[in-house]
Amino acid sequence: MAITTGEVLYSTIQERYERHDDRYDYKASIGYTYTVNGIKYNSWKIQRGLGEQLQDVKFIYALFTTVKYPKGTQIVVYFKPDNPAEAVIKKGPDFTTYIVLVISILFIVLGFSGKSLNIQFKKNDI
């Protein structure tokens with residue numbers, strides 16, 4: 001990833017009511033602009049990872065993110081050199097990605113240990 005500077009255009013917390021759960025979900029919404037090779041780009045992606053798809057973030061995390069990136073702030077923008085339109089302001093995968101990875105590994109380990117327990121029970125039955 002290449003680096004450039006940018007400016008935060010807006011920094012808000014989006015509130016969404018989930019009727020089926022009867023609760024509110026919150027998401028930080030950060031819009032920013034940056035220039036690469038004389039071309040101006042706009043983006044709103046904060047970080048790559050599963051959190052962008054899941055989008056359900058607790059209010060405190062959304063508040064922390066908007067406080068960290070207030071409107072008018074000069075920021076570092078990470079972009080793909082071969083496609084400067086793809087950019088983020090936080091490098092690396094988001095926390096949600098790590099949680100999904102750990103849970104997946106846990107299920108794999110439990111699956112293998114469960115399979116080995118199943119084989120042991122069959123041997124004892126003979």
# chains A, B, ... in the order shown; residues from 1 in each chain; ligands from 1
call {"tool": "select_by_dssp", "arguments": {"residues": "range 58-89 of chain A", "states": "strand (DSSP E or B)", "output": "ChimeraX atom specification"}}
result
/A:74-80,83-88
call {"tool": "write_last_selection", "arguments": {"atoms": "N, CA and C atoms", "output": "PDB file, in the first residue's frame"}}
result
ATOM      1  N   GLN A  74      -6.294  16.592   9.133  1.00  0.00           N
ATOM      2  CA  GLN A  74      -5.385  16.026   8.138  1.00  0.00           C
ATOM      3  C   GLN A  74      -5.048  14.603   8.576  1.00  0.00           C
ATOM      4  N   ILE A  75      -5.172  13.646   7.657  1.00  0.00           N
ATOM      5  CA  ILE A  75      -4.989  12.235   7.994  1.00  0.00           C
ATOM      6  C   ILE A  75      -4.052  11.561   7.004  1.00  0.00           C
ATOM      7  N   VAL A  76      -3.550  10.402   7.394  1.00  0.00           N
ATOM      8  CA  VAL A  76      -2.774   9.540   6.498  1.00  0.00           C
ATOM      9  C   VAL A  76      -3.766   8.607   5.809  1.00  0.00           C
ATOM     10  N   VAL A  77      -3.663   8.496   4.501  1.00  0.00           N
ATOM     11  CA  VAL A  77      -4.540   7.624   3.713  1.00  0.00           C
ATOM     12  C   VAL A  77      -3.666   6.564   3.050  1.00  0.00           C
ATOM     13  N   TYR A  78      -4.064   5.307   3.195  1.00  0.00           N
ATOM     14  CA  TYR A  78      -3.373   4.183   2.574  1.00  0.00           C
ATOM     15  C   TYR A  78      -4.180   3.762   1.345  1.00  0.00           C
ATOM     16  N   PHE A  79      -3.525   3.720   0.183  1.00  0.00           N
ATOM     17  CA  PHE A  79      -4.237   3.377  -1.043  1.00  0.00           C
ATOM     18  C   PHE A  79      -3.436   2.364  -1.851  1.00  0.00           C
ATOM     19  N   LYS A  80      -4.141   1.675  -2.751  1.00  0.00           N
ATOM     20  CA  LYS A  80      -3.484   0.719  -3.642  1.00  0.00           C
ATOM     21  C   LYS A  80      -2.837   1.486  -4.792  1.00  0.00           C
ATOM     22  N   ASN A  83      -4.640   0.934  -8.000  1.00  0.00           N
ATOM     23  CA  ASN A  83      -6.026   1.401  -8.010  1.00  0.00           C
ATOM     24  C   ASN A  83      -6.213   2.410  -6.872  1.00  0.00           C
ATOM     25  N   PRO A  84      -5.792   3.654  -7.077  1.00  0.00           N
ATOM     26  CA  PRO A  84      -5.833   4.649  -6.010  1.00  0.00           C
ATOM     27  C   PRO A  84      -7.237   4.927  -5.454  1.00  0.00           C
ATOM     28  N   ALA A  85      -8.287   4.531  -6.164  1.00  0.00           N
ATOM     29  CA  ALA A  85      -9.645   4.739  -5.658  1.00  0.00           C
ATOM     30  C   ALA A  85      -9.934   3.858  -4.446  1.00  0.00           C
ATOM     31  N   GLU A  86      -9.163   2.785  -4.253  1.00  0.00           N
ATOM     32  CA  GLU A  86      -9.329   1.911  -3.088  1.00  0.00           C
ATOM     33  C   GLU A  86      -8.393   2.393  -1.981  1.00  0.00           C
ATOM     34  N   ALA A  87      -8.987   2.914  -0.916  1.00  0.00           N
ATOM     35  CA  ALA A  87      -8.194   3.492   0.167  1.00  0.00           C
ATOM     36  C   ALA A  87      -8.835   3.225   1.517  1.00  0.00           C
ATOM     37  N   VAL A  88      -8.014   3.284   2.554  1.00  0.00           N
ATOM     38  CA  VAL A  88      -8.457   3.158   3.937  1.00  0.00           C
ATOM     39  C   VAL A  88      -7.644   4.137   4.784  1.00  0.00           C
TER      40      VAL A  88
END
call {"tool": "residues_around", "arguments": {"residues": "range 32-36 of chain A", "least_positions_apart": "3", "cutoff": "6 Å", "atoms": "only C-alpha atoms", "output": "JSON, numbers by chain"}}
result
{"A": [6, 7, 8, 9, 39, 40, 41, 42, 43]}
call {"tool": "closest_residue", "arguments": {"among": "A:His20, A:Lys71, A:Lys27, A:Lys45", "to": "Lys91 in chain A", "atoms": "only C-alpha atoms"}}
result
A:Lys45
call {"tool": "residues_around", "arguments": {"residues": "Ser29 in chain A", "least_positions_apart": "5", "cutoff": "6 Å", "atoms": "only C-alpha atoms", "output": "PDB file with N, CA and C atoms, in the first residue's frame"}}
result
ATOM      1  N   SER A  11     -17.555  13.416   9.817  1.00  0.00           N
ATOM      2  CA  SER A  11     -17.305  12.407  10.837  1.00  0.00           C
ATOM      3  C   SER A  11     -18.540  12.334  11.721  1.00  0.00           C
ATOM      4  N   THR A  12     -19.357  11.311  11.498  1.00  0.00           N
ATOM      5  CA  THR A  12     -20.619  11.191  12.220  1.00  0.00           C
ATOM      6  C   THR A  12     -20.830   9.767  12.720  1.00  0.00           C
ATOM      7  N   ILE A  13     -21.790   9.631  13.598  1.00  0.00           N
ATOM      8  CA  ILE A  13     -22.218   8.309  14.061  1.00  0.00           C
ATOM      9  C   ILE A  13     -23.582   8.046  13.443  1.00  0.00           C
TER      10      ILE A  13
END
call {"tool": "atom_distance", "arguments": {"atom1": "CA of Pro70 in chain A", "atom2": "CA of Lys58 in chain A"}}
result
18.6 Å
call {"tool": "closest_residue", "arguments": {"among": "A:Ala2, A:Ile46, A:Leu106, A:Ile99", "to": "Tyr69 in chain A", "atoms": "only C-alpha atoms"}}
result
A:Ile46
call {"tool": "atom_distance", "arguments": {"atom1": "CA of Tyr61 in chain A", "atom2": "CA of Ile103 in chain A"}}
result
21.4 Å
call {"tool": "atom_distance", "arguments": {"atom1": "CA of Lys90 in chain A", "atom2": "CA of Glu18 in chain A"}}
result
27.5 Å
call {"tool": "closest_residue", "arguments": {"among": "A:Val102, A:Gly38, A:Ile108, A:Gln47", "to": "Thr65 in chain A", "atoms": "only C-alpha atoms"}}
result
A:Gln47
call {"tool": "closest_residue", "arguments": {"among": "A:Arg48, A:Asn37, A:Phe64, A:Phe59", "to": "Tyr24 in chain A", "atoms": "only C-alpha atoms"}}
result
A:Phe59
